[in-house]
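Engineer: Handing you a structure now.
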Amino acid sequence: MKTILVTGAAGQLGQSIRKLAPLYPAFRFVYGDLPELDITDKACVKAWLTEHAPDVIVNCAAYTAVDRAEQDKETARRVNVDGPAVLASCVREAGIRLIHISTDYVFDGRSEAPYTEDDAPAPTSVYGVTKLAGEEAVRSAGCNAVVVRTAWLYSEFGRNFMKTMLSLAATHDTVRVVCDQRGTPTYASDLAGALLTIAGVPFTGFSLYHYTNEGVCTWAAFAAAIFRMAGLDTQVIPIPTSEYPTPATRPASSWLDKSRIRQAFGIDIPQWEDGLQRALRALQLLELSQKQA
Ligand SMILES: NC(=O)c1ccc[n+]([C@@H]2O[C@H](COP(=O)([O-])OP(=O)(O)OC[C@H]3O[C@@H](n4cnc5c(N)ncnc54)[C@H](OP(=O)(O)O)[C@@H]3O)[C@@H](O)[C@H]2O)c1
């Protein structure tokens with residue numbers, strides 16, 4: 001039986017892996033997050049490895065507050081660069097494997113075509129810069145590692161765009177949403193399944209992959225689909241990014257090409273609309289079970 005250590009386990013991807021865990025009886029799962037497991041603290045990580053002897057670490061820990069990172073550079077760098085560096089060095093010393101998650105925000109978004117893993121990154125935000133440096137830290141550590149870049153994650157857990165739109169719909173008839181940034185909404189549960197497929201493969205060396213759901217849309221189209229599928233009348237007013245200024249600059253297009261991961265692992269990738277249907281249903285069920293508890 002393989003032991004999988006999930007770091008950042010209280011975040012939305014970590015919780016999505018935890019939800020899927022019963023479907024993977026061949027794995028024993030161990031979960032850690034702050035304050036008990038701090039990925040930037042080497043002594044702490046080593047103690048977890050000694051205690052739990054994992055075969056694979058799936059690193060879901062990250063500093064993900066994209067706008068706040070513009071001010072809080074030091075914390076973003078510590079979590080997104082030093083953290084993966086610590087994990088990679090411990091993984092190398094222990095002779096185990098690391099699966100690390102990165103982002104579409106490593107690209108500047110000027111390409112019309114979907115980005116492949118061979119396209120040159122050019123991040124435009126502190127978050128993107130730190131996530132790219134985190135990838136490099138893993139690559140240069142020389143451990144057995146897979147880095148998976150994903151995009152526009154949402155789920156029934158934590159804070160994300162789908163849940164923000166549903167909250168806004170409770171108090172607004174119309175919502176203004178940017179219509180000139182495109183990418184692929186990705187249900188964290190689908191990504192979690194792909195990561196657990198990779199965890200079952202005895203990979204060696206370093207590899208980089210892209211994983212999102214299939215298809216591409218704008219934030220405005222994503223919001224409209226959320227309202228439509230949730231049976232809400234809320235209307236989306238499409239606006240340009242210039243009318244919704246944010247501290248961090250986001251890529252205009254972060255559409256990712258998934259050929260490499262599909263070919264390497266035979267992963268079946270659902271359309272983003274299909275992921276959204278399932279996420280809305282999962283949120284309903286979660287809210288129902290919380291009410292009954
Ligand atoms: N969310 C997206 O749209 C998106 C898009 C592309 C890529 N990604 C990437 O996908 C991955 C998962 O994202 P997510 O949405 O699940 O993030 P998330 O919900 O913010 O979860 C991250 C978790 O890591 C924890 N954490 C922070 N610093 C830590 C440390 N030093 N040691 C251990 N844990 C720490 C956080 O705890 P606190 O909450 O207490 O800080 C949180 O529980 C990340 O690598 C992210 O960069 C996300």
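How things are named: the first chain in the structure tokens is A, the next is B, and so on; residues count from 1 in each chain; ligands count from 1 in the order shown.
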Hey, which residues sit close to ligand 1? Say within 9 Å, counting only C-alpha atoms and all ligand atoms, and write them as an NGL selection string.

Structural biologist: :A and (7-16 or 32-41 or 59-65 or 75-76 or 78-80 or 82-83 or 100-105 or 127-128 or 131 or 148-155 or 157-161 or 185-186 or 188)

Engineer: Let me see the file: selected residues, C-alpha atoms, as a short mmCIF file (atom, residue, chain, number, x, y, z; two decimals), in the first residue's frame.

Structural biologist:
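This is the output file part.cif:
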data_model
loop_
_atom_site.label_atom_id
_atom_site.label_comp_id
_atom_site.auth_asym_id
_atom_site.auth_seq_id
_atom_site.Cartn_x
_atom_site.Cartn_y
_atom_site.Cartn_z
CA THR A 7 0.26 19.11 2.35
CA GLY A 8 -1.94 22.22 2.45
CA ALA A 9 -4.72 19.68 3.08
CA ALA A 10 -7.21 22.22 4.44
CA GLY A 11 -7.27 24.21 1.16
CA GLN A 12 -9.78 23.55 -1.60
CA LEU A 13 -7.57 21.13 -3.56
CA GLY A 14 -6.51 19.35 -0.36
CA GLN A 15 -10.15 18.92 0.67
CA SER A 16 -11.01 17.69 -2.82
CA GLY A 32 -1.18 18.06 6.98
CA ASP A 33 -1.64 21.83 6.98
CA LEU A 34 -0.64 24.83 9.08
CA PRO A 35 0.08 25.07 11.95
CA GLU A 36 1.15 21.41 12.43
CA LEU A 37 2.78 20.97 9.02
CA ASP A 38 4.58 24.06 7.71
CA ILE A 39 6.19 23.27 4.35
CA THR A 40 8.73 26.08 4.82
CA ASP A 41 10.11 24.44 7.99
CA ASN A 59 1.85 19.55 -2.30
CA CYS A 60 -1.42 21.52 -2.23
CA ALA A 61 0.06 24.17 0.08
CA ALA A 62 0.51 27.60 -1.45
CA TYR A 63 0.06 31.33 -0.98
CA THR A 64 -2.89 31.86 -3.34
CA ALA A 65 -4.06 35.41 -2.54
CA THR A 75 5.22 35.69 2.55
CA ALA A 76 4.28 34.74 -1.02
CA ARG A 78 8.42 32.01 1.44
CA VAL A 79 5.39 29.75 0.85
CA ASN A 80 5.55 29.46 -2.95
CA ASP A 82 11.00 28.20 -0.10
CA GLY A 83 8.19 25.73 0.65
CA HIS A 100 3.67 19.91 -6.90
CA ILE A 101 0.97 22.24 -8.22
CA SER A 102 1.61 25.41 -10.21
CA THR A 103 -0.44 27.88 -12.18
CA ASP A 104 -1.44 29.33 -15.54
CA TYR A 105 -0.37 32.72 -14.11
CA TYR A 127 2.04 35.40 -7.37
CA GLY A 128 3.02 34.22 -10.87
CA LYS A 131 4.94 30.13 -8.47
CA VAL A 148 1.18 20.18 -12.70
CA ARG A 149 0.07 23.65 -13.76
CA THR A 150 -3.63 24.26 -13.41
CA ALA A 151 -6.02 27.22 -13.71
CA TRP A 152 -9.20 28.86 -12.40
CA LEU A 153 -9.77 26.27 -9.65
CA TYR A 154 -13.12 26.14 -7.91
CA SER A 155 -15.02 23.61 -5.83
CA PHE A 157 -14.76 23.92 -0.60
CA GLY A 158 -13.02 27.11 0.48
CA ARG A 159 -13.30 30.47 -1.27
CA ASN A 160 -13.53 30.57 -5.04
CA PHE A 161 -15.22 32.29 -7.98
CA PRO A 185 -12.61 26.89 -15.09
CA THR A 186 -11.34 23.71 -13.45
CA ALA A 188 -10.73 20.89 -8.13
#

Engineer: Might you pull out every residue within 10 Å of region 252-257 of chain A, with only C-alpha atoms counted and same-chain residues fewer than 4 positions away left off, and present them as JSON, numbers by chain?

Structural biologist: {"A": [103, 104, 105, 106, 107, 108, 109, 110, 111, 112, 113, 114, 115, 116, 117, 149, 150, 151, 152, 179, 180, 181, 182, 183, 184, 185, 209, 210, 211, 212, 213, 214, 215, 216, 217, 218, 241, 261, 262]}

Engineer: Which residues come within 6 Å of Val146 (chain A), counting only C-alpha atoms, excluding same-chain residues fewer than 3 positions away, as a list in words?

Structural biologist: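 Surrounding residues, per the criterion: Ile99, Phe206, Ser207 and Leu208 of chain A.
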
Engineer: List every residue of region 84-285 of chain A that DSSP, applied to the backbone of this structure, assigns to helix (DSSP H, G or I), and report them as a JSON list (two decimals) with C-alpha atoms, in the first residue's frame.

Structural biologist:
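To be explicit, this is the file written out as result_37.json:
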[["chain", "number", "residue", "atom", "x", "y", "z"],
["A", 84, "PRO", "CA", 8.53, 23.66, -2.54],
["A", 85, "ALA", "CA", 12.35, 23.90, -2.22],
["A", 86, "VAL", "CA", 12.18, 22.38, 1.28],
["A", 87, "LEU", "CA", 9.79, 19.65, 0.13],
["A", 88, "ALA", "CA", 11.93, 18.83, -2.93],
["A", 89, "SER", "CA", 15.10, 18.57, -0.89],
["A", 90, "CYS", "CA", 13.42, 16.31, 1.71],
["A", 91, "VAL", "CA", 11.92, 14.21, -1.09],
["A", 92, "ARG", "CA", 15.35, 13.79, -2.68],
["A", 93, "GLU", "CA", 16.97, 12.80, 0.62],
["A", 94, "ALA", "CA", 14.19, 10.31, 1.37],
["A", 104, "ASP", "CA", -1.44, 29.33, -15.54],
["A", 105, "TYR", "CA", -0.37, 32.72, -14.11],
["A", 106, "VAL", "CA", 3.24, 31.86, -15.05],
["A", 126, "VAL", "CA", 4.15, 38.55, -7.77],
["A", 127, "TYR", "CA", 2.04, 35.40, -7.37],
["A", 128, "GLY", "CA", 3.02, 34.22, -10.87],
["A", 129, "VAL", "CA", 6.70, 35.07, -10.31],
["A", 130, "THR", "CA", 6.79, 33.13, -7.03],
["A", 131, "LYS", "CA", 4.94, 30.13, -8.47],
["A", 132, "LEU", "CA", 7.38, 29.98, -11.40],
["A", 133, "ALA", "CA", 10.33, 30.19, -9.00],
["A", 134, "GLY", "CA", 8.70, 27.36, -7.02],
["A", 135, "GLU", "CA", 8.65, 25.20, -10.17],
["A", 136, "GLU", "CA", 12.33, 25.97, -10.71],
["A", 137, "ALA", "CA", 13.16, 25.13, -7.10],
["A", 138, "VAL", "CA", 11.58, 21.69, -7.56],
["A", 139, "ARG", "CA", 13.27, 21.16, -10.92],
["A", 140, "SER", "CA", 16.73, 22.14, -9.67],
["A", 141, "ALA", "CA", 16.51, 19.99, -6.51],
["A", 161, "PHE", "CA", -15.22, 32.29, -7.98],
["A", 162, "MET", "CA", -18.21, 29.92, -8.18],
["A", 163, "LYS", "CA", -19.09, 30.46, -4.52],
["A", 164, "THR", "CA", -18.49, 34.23, -4.77],
["A", 165, "MET", "CA", -20.91, 34.47, -7.73],
["A", 166, "LEU", "CA", -23.55, 32.44, -5.88],
["A", 167, "SER", "CA", -23.22, 34.75, -2.85],
["A", 168, "LEU", "CA", -23.50, 37.86, -5.03],
["A", 169, "ALA", "CA", -26.61, 36.44, -6.71],
["A", 170, "ALA", "CA", -28.32, 36.30, -3.32],
["A", 171, "THR", "CA", -28.23, 40.12, -3.07],
["A", 188, "ALA", "CA", -10.73, 20.89, -8.13],
["A", 189, "SER", "CA", -12.21, 17.41, -7.80],
["A", 190, "ASP", "CA", -11.25, 16.62, -11.42],
["A", 191, "LEU", "CA", -7.71, 17.87, -10.81],
["A", 192, "ALA", "CA", -7.57, 15.82, -7.59],
["A", 193, "GLY", "CA", -8.47, 12.67, -9.58],
["A", 194, "ALA", "CA", -5.72, 13.39, -12.12],
["A", 195, "LEU", "CA", -3.16, 13.94, -9.34],
["A", 196, "LEU", "CA", -4.08, 10.63, -7.70],
["A", 197, "THR", "CA", -3.69, 8.86, -11.06],
["A", 198, "ILE", "CA", -0.18, 10.33, -11.29],
["A", 199, "ALA", "CA", 0.52, 9.35, -7.66],
["A", 219, "TRP", "CA", -14.97, 35.01, -16.49],
["A", 220, "ALA", "CA", -18.23, 36.58, -17.69],
["A", 221, "ALA", "CA", -19.24, 33.41, -19.53],
["A", 222, "PHE", "CA", -18.27, 31.34, -16.48],
["A", 223, "ALA", "CA", -20.45, 33.54, -14.25],
["A", 224, "ALA", "CA", -23.36, 33.29, -16.70],
["A", 225, "ALA", "CA", -23.06, 29.49, -16.72],
["A", 226, "ILE", "CA", -23.02, 29.39, -12.90],
["A", 227, "PHE", "CA", -26.26, 31.40, -12.73],
["A", 228, "ARG", "CA", -27.92, 29.42, -15.53],
["A", 229, "MET", "CA", -27.03, 26.00, -14.10],
["A", 241, "THR", "CA", -10.63, 44.45, -17.28],
["A", 242, "SER", "CA", -9.97, 48.21, -17.40],
["A", 243, "GLU", "CA", -13.27, 48.72, -15.53],
["A", 259, "SER", "CA", -1.93, 16.94, -24.80],
["A", 260, "ARG", "CA", 1.11, 15.94, -22.75],
["A", 261, "ILE", "CA", -0.72, 14.82, -19.60],
["A", 262, "ARG", "CA", -3.42, 13.06, -21.61],
["A", 263, "GLN", "CA", -0.80, 11.10, -23.53],
["A", 264, "ALA", "CA", 1.45, 10.33, -20.54],
["A", 265, "PHE", "CA", -1.25, 9.11, -18.13],
["A", 272, "TRP", "CA", -15.59, 22.65, -17.81],
["A", 273, "GLU", "CA", -19.41, 22.85, -18.09],
["A", 274, "ASP", "CA", -19.62, 19.22, -16.96],
["A", 275, "GLY", "CA", -17.33, 19.97, -14.01],
["A", 276, "LEU", "CA", -19.49, 22.95, -13.07],
["A", 277, "GLN", "CA", -22.68, 20.84, -13.05],
["A", 278, "ARG", "CA", -21.04, 18.37, -10.66],
["A", 279, "ALA", "CA", -19.56, 21.12, -8.47],
["A", 280, "LEU", "CA", -22.95, 22.82, -8.06],
["A", 281, "ARG", "CA", -24.53, 19.50, -7.12],
["A", 282, "ALA", "CA", -21.69, 18.75, -4.67],
["A", 283, "LEU", "CA", -22.13, 22.19, -3.07],
["A", 284, "GLN", "CA", -25.86, 21.58, -2.66],
["A", 285, "LEU", "CA", -25.19, 18.23, -0.99]]

Engineer: What is the CA of Asp72 (chain A)-CA of Arg176 (chain A) distance in Å, reported with one decimal?

Structural biologist: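 Interatomic distance, CA of Asp72 (chain A) to CA of Arg176 (chain A): 27.6 Å.
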
Engineer: To one decimal in Å, tell me the separation between CA of Tyr31 (chain A) and CA of Leu5 (chain A).

Structural biologist: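 About the pair CA of Tyr31 (chain A) and CA of Leu5 (chain A): they are 5.9 Å apart.
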
Engineer: Can you pull out every residue within 8 Å of Pro247 (chain A), counting only C-alpha atoms, but drop anything in the same chain fewer than 5 positions away, and send it as number ranges by chain?

Structural biologist: A: 67-68, 70

Engineer: Now that the selection is made, can you save its residues with N, CA and C atoms as a compact mmCIF listing (two decimals), in the first residue's frame?

Structural biologist:
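Below you can see out.txt, which holds the result:
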# COMPACT_ATOMS: atom_id res chain seq x y z
N ASP A 67 -3.93 39.02 -5.37
CA ASP A 67 -3.80 40.48 -5.22
C ASP A 67 -2.99 40.85 -3.98
N ARG A 68 -3.25 40.14 -2.88
CA ARG A 68 -2.53 40.46 -1.64
C ARG A 68 -1.02 40.25 -1.81
N GLU A 70 0.87 41.09 -4.08
CA GLU A 70 1.58 42.28 -4.62
C GLU A 70 2.19 43.09 -3.48

Engineer: Could you jot down the CA of Pro123 (chain A) to CA of Ala248 (chain A) separation for me, Å, one decimal place?

Structural biologist: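 Calculated distance between CA of Pro123 (chain A) and CA of Ala248 (chain A) is 10.6 Å.
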
Engineer: Just want the 12 Å neighbourhood of Gly200 (chain A), counted on only C-alpha atoms, with same-chain residues fewer than 4 positions away dropped. Output as a list of chain:residue names.

Structural biologist: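 Once the nearby chain positions are removed, what remains is A:Met1, A:Lys2, A:Thr3, A:Ile4, A:Tyr24, A:Pro25, A:Ala26, A:Phe27, A:Arg28, A:Asp55, A:Val56, A:Ile57, A:Val58, A:Arg97, A:Leu98, A:Ile99, A:Gly193, A:Ala194, A:Leu195, A:Leu196, A:Phe265.
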
Engineer: For Val147 (chain A), which of A:Ala69, A:Phe203, A:Asp173, A:Arg18 is the closest residue, counting only C-alpha atoms?

Structural biologist: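 Checking each of A:Ala69, A:Phe203, A:Asp173, A:Arg18 against Val147 (chain A), counting only C-alpha atoms, the winner is A:Phe203.
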